[in-house]
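Novice: One structure, pasted below without further comment.
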Amino acid sequence: MAPTLYPDLIPSFEHERLEALQPYQVLGTPGQGLFNDFVSVVAKLFDMPIALISLVRATDVVFIGNEGMPEASVVPREDSMCSVAILQDGLTVFEDLATQPCSLVNPFIAQQMRLGFYAGQALRTPEGMAIGSLCVLDRRPRRLSPAESQLLEQLALVAQDLVQLSAAQATNAALAPALRARLDGPLRQSLTRLATLAELREWEVGADPAEAQRYANTSLDEARYL
């Protein structure tokens with residue numbers, strides 16, 4: 001692996017992690033349809049302009065699902081906070097990137113892209129190796145409520161399954177019909193329900209906090225179902 005100015009980004013188990021990533025390299029095309037649909041719903045659920053599904057490779061990070069950041073499809077590993085998210089067991093959160101930037105990555109990138117907030121959850125293989133993340137970003141500082149934190153963790157499990165199913169479908173033609181039925185059937189229906197809930201939340205959040213909380217709880221239930 002090439003030297004980096006940010007060696008703390010490279011875990012001691014990097015060799016094993018990259019081996020675990022190999023089966024998912026078939027998904028290395030930025031901005032794929034299903035993943036884009038998924039992160040579009042995630043962005044609406046959190047009322048944030050940006051949501052991403054990333055794969056963290058040896059020297060770069062590719063965003064296979066991209067809502068709100070089309071100018072960044074593949075970035076150097078030291079320029080992405082997803083490189084930090086894969087080092088954590090739980091959520092990685094930076095509430096105010098202007099006053100408390102992430103010291104493990106290039107701090108100027110957040111400034112250049114006018115990012116104020118980041119929250120990401122690692123995506124793992126069945127063996128537990130972190131290969132990427134699901135994250136949401138905002139242009140301003142903010143905080144996640146406990147319900148939102150739980151929702152992001154649940155949605156990361158969904159994204160994790162999407163990545164595994166899509167990789168399996170790409171590498172094993174015999175699985176394609178069954179997996180396509182699963183991806184295009186119940187999953188698409190659930191994504192549609194989540195999108196509807198997100199739109200309802202946008203309508204209610206200003207007028208009725210109790211209703212907004214009800215929709216947030218329903219969204220969490222839907223993510224669990226998914």
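Within each chain, counting starts at residue 1; across the structure tokens, chains are named A, B, ... in the order shown, with ligands numbered 1 upward in that order.
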Could you name the residues that touch stretch 114-121 of chain A at 6 Å or less, counting only C-alpha atoms, but leaving out those on the same chain fewer than 4 positions away, as a PyMOL selection string?

Specialist: chain A and resi 85+91-97+110+133-141

Novice: Restricting the output to C-alpha atoms, write the selected residues as a tab-separated table (two decimals), in the first residue's frame.

Specialist:
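Full text of out_19.tsv as output:
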```tsv
chain	number	residue	atom	x	y	z
A	85	ALA	CA	-16.07	5.46	10.30
A	91	LEU	CA	-21.54	5.68	15.02
A	92	THR	CA	-18.86	8.17	14.02
A	93	VAL	CA	-20.26	11.68	14.53
A	94	PHE	CA	-18.77	15.14	13.99
A	95	GLU	CA	-21.40	17.67	15.01
A	96	ASP	CA	-19.54	20.83	13.99
A	97	LEU	CA	-16.76	20.30	11.45
A	110	ALA	CA	-14.60	19.67	4.74
A	133	SER	CA	-20.01	3.04	5.53
A	134	LEU	CA	-23.46	4.55	5.33
A	135	CYS	CA	-23.28	8.24	6.20
A	136	VAL	CA	-25.33	11.42	6.24
A	137	LEU	CA	-23.89	14.93	5.96
A	138	ASP	CA	-25.18	18.46	6.36
A	139	ARG	CA	-23.90	21.88	5.38
A	140	ARG	CA	-24.44	23.17	8.92
A	141	PRO	CA	-23.69	21.89	12.44
```

Novice: How close does each residue of stretch 58-168 of chain A get to stretch 25-48 of chain A, giving the shortest atom pair and distance in Å to one decimal for every residue with an atom at most 7 Å away, counting only C-alpha atoms, sorted by chain and residue number, as JSON lines?

Specialist:
```
{"residue": "A:Val62", "atom": "CA", "partner": "A:Pro30", "partner_atom": "CA", "distance": 6.2}
{"residue": "A:Phe63", "atom": "CA", "partner": "A:Pro30", "partner_atom": "CA", "distance": 5.3}
{"residue": "A:Ile64", "atom": "CA", "partner": "A:Pro30", "partner_atom": "CA", "distance": 4.3}
{"residue": "A:Gly65", "atom": "CA", "partner": "A:Phe35", "partner_atom": "CA", "distance": 4.4}
{"residue": "A:Asn66", "atom": "CA", "partner": "A:Gly31", "partner_atom": "CA", "distance": 5.4}
{"residue": "A:Glu67", "atom": "CA", "partner": "A:Ser40", "partner_atom": "CA", "distance": 5.5}
{"residue": "A:Ser73", "atom": "CA", "partner": "A:Pro30", "partner_atom": "CA", "distance": 5.6}
{"residue": "A:Val136", "atom": "CA", "partner": "A:Ala43", "partner_atom": "CA", "distance": 6.7}
{"residue": "A:Leu137", "atom": "CA", "partner": "A:Met48", "partner_atom": "CA", "distance": 6.4}
{"residue": "A:Asp138", "atom": "CA", "partner": "A:Met48", "partner_atom": "CA", "distance": 5.5}
{"residue": "A:Ala167", "atom": "CA", "partner": "A:Leu27", "partner_atom": "CA", "distance": 6.5}
```

Novice: Considering only C-alpha atoms, can you say which of A:Thr196, A:Ala156, A:Ser103, A:Gln189 comes closest to A:Ala51?

Specialist: A:Ala156

Novice: Nearest to A:Pro11: which of A:Ile131, A:Asp79, A:Gly90, A:Leu55 is it, counting only C-alpha atoms?

Specialist: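 Under the stated criterion, the closest residue is A:Ile131.
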
Novice: From the DSSP assignment of the backbone, select every residue of stretch 20-206 of chain A that is strand (DSSP E or B), and format the answer as a PyMOL selection string.

Specialist: chain A and resi 50-56+60-67+74-76+92-94+117-124+130-138

Novice: Using N, CA and C atoms, can you export the residues from the last selection as an mmCIF file, in the first residue's frame?

Specialist:
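Listing of again-v1.cif after writing:
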```
data_model
loop_
_atom_site.group_PDB
_atom_site.id
_atom_site.type_symbol
_atom_site.label_atom_id
_atom_site.label_comp_id
_atom_site.auth_asym_id
_atom_site.auth_seq_id
_atom_site.Cartn_x
_atom_site.Cartn_y
_atom_site.Cartn_z
ATOM 1 N N ILE A 50 -27.186 15.387 2.002
ATOM 2 C CA ILE A 50 -26.223 14.417 1.484
ATOM 3 C C ILE A 50 -26.334 13.101 2.248
ATOM 4 N N ALA A 51 -26.351 11.998 1.515
ATOM 5 C CA ALA A 51 -26.252 10.656 2.096
ATOM 6 C C ALA A 51 -25.442 9.809 1.129
ATOM 7 N N LEU A 52 -24.572 8.960 1.669
ATOM 8 C CA LEU A 52 -23.634 8.205 0.838
ATOM 9 C C LEU A 52 -23.498 6.775 1.339
ATOM 10 N N ILE A 53 -23.291 5.845 0.410
ATOM 11 C CA ILE A 53 -22.781 4.514 0.731
ATOM 12 C C ILE A 53 -21.394 4.429 0.129
ATOM 13 N N SER A 54 -20.410 4.126 0.959
ATOM 14 C CA SER A 54 -19.024 4.105 0.498
ATOM 15 C C SER A 54 -18.418 2.721 0.622
ATOM 16 N N LEU A 55 -17.421 2.474 -0.214
ATOM 17 C CA LEU A 55 -16.490 1.370 -0.036
ATOM 18 C C LEU A 55 -15.113 1.983 0.153
ATOM 19 N N VAL A 56 -14.441 1.611 1.229
ATOM 20 C CA VAL A 56 -13.118 2.164 1.531
ATOM 21 C C VAL A 56 -12.063 1.186 1.021
ATOM 22 N N ASP A 60 -8.288 4.749 -1.826
ATOM 23 C CA ASP A 60 -9.360 5.698 -2.104
ATOM 24 C C ASP A 60 -10.683 5.204 -1.536
ATOM 25 N N VAL A 61 -11.677 6.062 -1.660
ATOM 26 C CA VAL A 61 -13.038 5.758 -1.218
ATOM 27 C C VAL A 61 -13.967 6.004 -2.401
ATOM 28 N N VAL A 62 -14.765 4.991 -2.749
ATOM 29 C CA VAL A 62 -15.713 5.125 -3.848
ATOM 30 C C VAL A 62 -17.121 5.169 -3.269
ATOM 31 N N PHE A 63 -17.933 6.110 -3.766
ATOM 32 C CA PHE A 63 -19.302 6.268 -3.288
ATOM 33 C C PHE A 63 -20.233 5.559 -4.270
ATOM 34 N N ILE A 64 -20.624 4.325 -3.929
ATOM 35 C CA ILE A 64 -21.468 3.539 -4.824
ATOM 36 C C ILE A 64 -22.928 3.964 -4.729
ATOM 37 N N GLY A 65 -23.278 4.668 -3.682
ATOM 38 C CA GLY A 65 -24.577 5.323 -3.542
ATOM 39 C C GLY A 65 -24.319 6.775 -3.191
ATOM 40 N N ASN A 66 -24.893 7.690 -3.952
ATOM 41 C CA ASN A 66 -24.529 9.101 -3.783
ATOM 42 C C ASN A 66 -25.750 9.979 -3.987
ATOM 43 N N GLU A 67 -26.155 10.631 -2.912
ATOM 44 C CA GLU A 67 -27.216 11.627 -2.966
ATOM 45 C C GLU A 67 -26.656 12.952 -2.465
ATOM 46 N N VAL A 74 -15.221 9.406 -6.451
ATOM 47 C CA VAL A 74 -14.087 8.667 -5.895
ATOM 48 C C VAL A 74 -13.119 9.693 -5.332
ATOM 49 N N VAL A 75 -12.727 9.542 -4.051
ATOM 50 C CA VAL A 75 -11.835 10.511 -3.422
ATOM 51 C C VAL A 75 -10.687 9.775 -2.744
ATOM 52 N N PRO A 76 -9.544 10.438 -2.542
ATOM 53 C CA PRO A 76 -8.457 9.816 -1.779
ATOM 54 C C PRO A 76 -8.925 9.425 -0.381
ATOM 55 N N THR A 92 -19.886 7.138 14.038
ATOM 56 C CA THR A 92 -18.863 8.174 14.015
ATOM 57 C C THR A 92 -19.567 9.491 13.732
ATOM 58 N N VAL A 93 -19.497 10.437 14.661
ATOM 59 C CA VAL A 93 -20.256 11.679 14.530
ATOM 60 C C VAL A 93 -19.336 12.877 14.752
ATOM 61 N N PHE A 94 -19.422 13.835 13.834
ATOM 62 C CA PHE A 94 -18.771 15.136 13.994
ATOM 63 C C PHE A 94 -19.860 16.182 13.852
ATOM 64 N N PHE A 117 -21.468 18.895 9.174
ATOM 65 C CA PHE A 117 -21.854 17.763 10.022
ATOM 66 C C PHE A 117 -21.614 16.461 9.281
ATOM 67 N N TYR A 118 -21.194 15.433 10.045
ATOM 68 C CA TYR A 118 -21.017 14.085 9.477
ATOM 69 C C TYR A 118 -21.439 13.054 10.510
ATOM 70 N N ALA A 119 -22.178 12.043 10.060
ATOM 71 C CA ALA A 119 -22.471 10.871 10.896
ATOM 72 C C ALA A 119 -22.417 9.644 10.002
ATOM 73 N N GLY A 120 -21.635 8.650 10.409
ATOM 74 C CA GLY A 120 -21.488 7.455 9.594
ATOM 75 C C GLY A 120 -21.415 6.196 10.436
ATOM 76 N N GLN A 121 -21.903 5.102 9.869
ATOM 77 C CA GLN A 121 -21.864 3.792 10.505
ATOM 78 C C GLN A 121 -21.187 2.823 9.553
ATOM 79 N N ALA A 122 -20.211 2.073 10.074
ATOM 80 C CA ALA A 122 -19.476 1.121 9.244
ATOM 81 C C ALA A 122 -20.384 0.023 8.716
ATOM 82 N N LEU A 123 -20.100 -0.398 7.482
ATOM 83 C CA LEU A 123 -20.744 -1.563 6.876
ATOM 84 C C LEU A 123 -19.756 -2.716 6.948
ATOM 85 N N ARG A 124 -20.231 -3.886 7.363
ATOM 86 C CA ARG A 124 -19.332 -5.010 7.635
ATOM 87 C C ARG A 124 -19.696 -6.242 6.810
ATOM 88 N N ALA A 130 -14.933 -4.330 8.479
ATOM 89 C CA ALA A 130 -15.515 -3.086 7.971
ATOM 90 C C ALA A 130 -14.972 -2.800 6.573
ATOM 91 N N ILE A 131 -15.891 -2.619 5.618
ATOM 92 C CA ILE A 131 -15.464 -2.381 4.236
ATOM 93 C C ILE A 131 -15.947 -1.040 3.695
ATOM 94 N N GLY A 132 -16.821 -0.380 4.409
ATOM 95 C CA GLY A 132 -17.344 0.898 3.945
ATOM 96 C C GLY A 132 -18.263 1.491 4.986
ATOM 97 N N SER A 133 -19.119 2.412 4.555
ATOM 98 C CA SER A 133 -20.015 3.038 5.530
ATOM 99 C C SER A 133 -21.272 3.567 4.868
ATOM 100 N N LEU A 134 -22.292 3.755 5.684
ATOM 101 C CA LEU A 134 -23.464 4.553 5.331
ATOM 102 C C LEU A 134 -23.351 5.836 6.137
ATOM 103 N N CYS A 135 -23.439 6.975 5.461
ATOM 104 C CA CYS A 135 -23.279 8.237 6.196
ATOM 105 C C CYS A 135 -24.262 9.289 5.699
ATOM 106 N N VAL A 136 -24.524 10.252 6.575
ATOM 107 C CA VAL A 136 -25.328 11.425 6.238
ATOM 108 C C VAL A 136 -24.510 12.661 6.585
ATOM 109 N N LEU A 137 -24.655 13.709 5.759
ATOM 110 C CA LEU A 137 -23.887 14.935 5.958
ATOM 111 C C LEU A 137 -24.793 16.139 5.767
ATOM 112 N N ASP A 138 -24.437 17.222 6.479
ATOM 113 C CA ASP A 138 -25.181 18.462 6.359
ATOM 114 C C ASP A 138 -24.199 19.601 6.125
#
```

Novice: Write out as a list in words each polymer residue whose atoms come within 12 Å of A:Thr171, counting only C-alpha atoms; drop sequence neighbours fewer than 5 positions from it.

Specialist: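 My list of contacting residues is Gln22, Pro23, Tyr24, Gln25, Val26, Leu27, Gln164, Leu165, Ser166, Ala176 and Leu179 of chain A.
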
Novice: Calculated over only C-alpha atoms, which of the candidates A:Gln160, A:Thr59, A:Thr218, A:Asn172 has the smallest distance to A:Gly128?

Specialist: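 Of A:Gln160, A:Thr59, A:Thr218, A:Asn172, the one nearest A:Gly128, counting only C-alpha atoms, is A:Gln160.
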
Novice: Here is a test: counting only C-alpha atoms, which residue of A:Gln150, A:Asp161, A:His15, A:Ile10 is nearest to A:Ile86?

Specialist: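 Under the stated criterion, the closest residue is A:Ile10.
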
Novice: Atom CA of A:Val105 and atom CA of A:Ser83, how far apart in Å?

Specialist: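 The value is 8.1 Å.
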
Novice: With distances taken over only C-alpha atoms, which residue among A:Ala168, A:Pro70, A:Asp221, A:Thr192 lies nearest A:Gln154?

Specialist: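 Result for the nearest residue to A:Gln154: A:Asp221.
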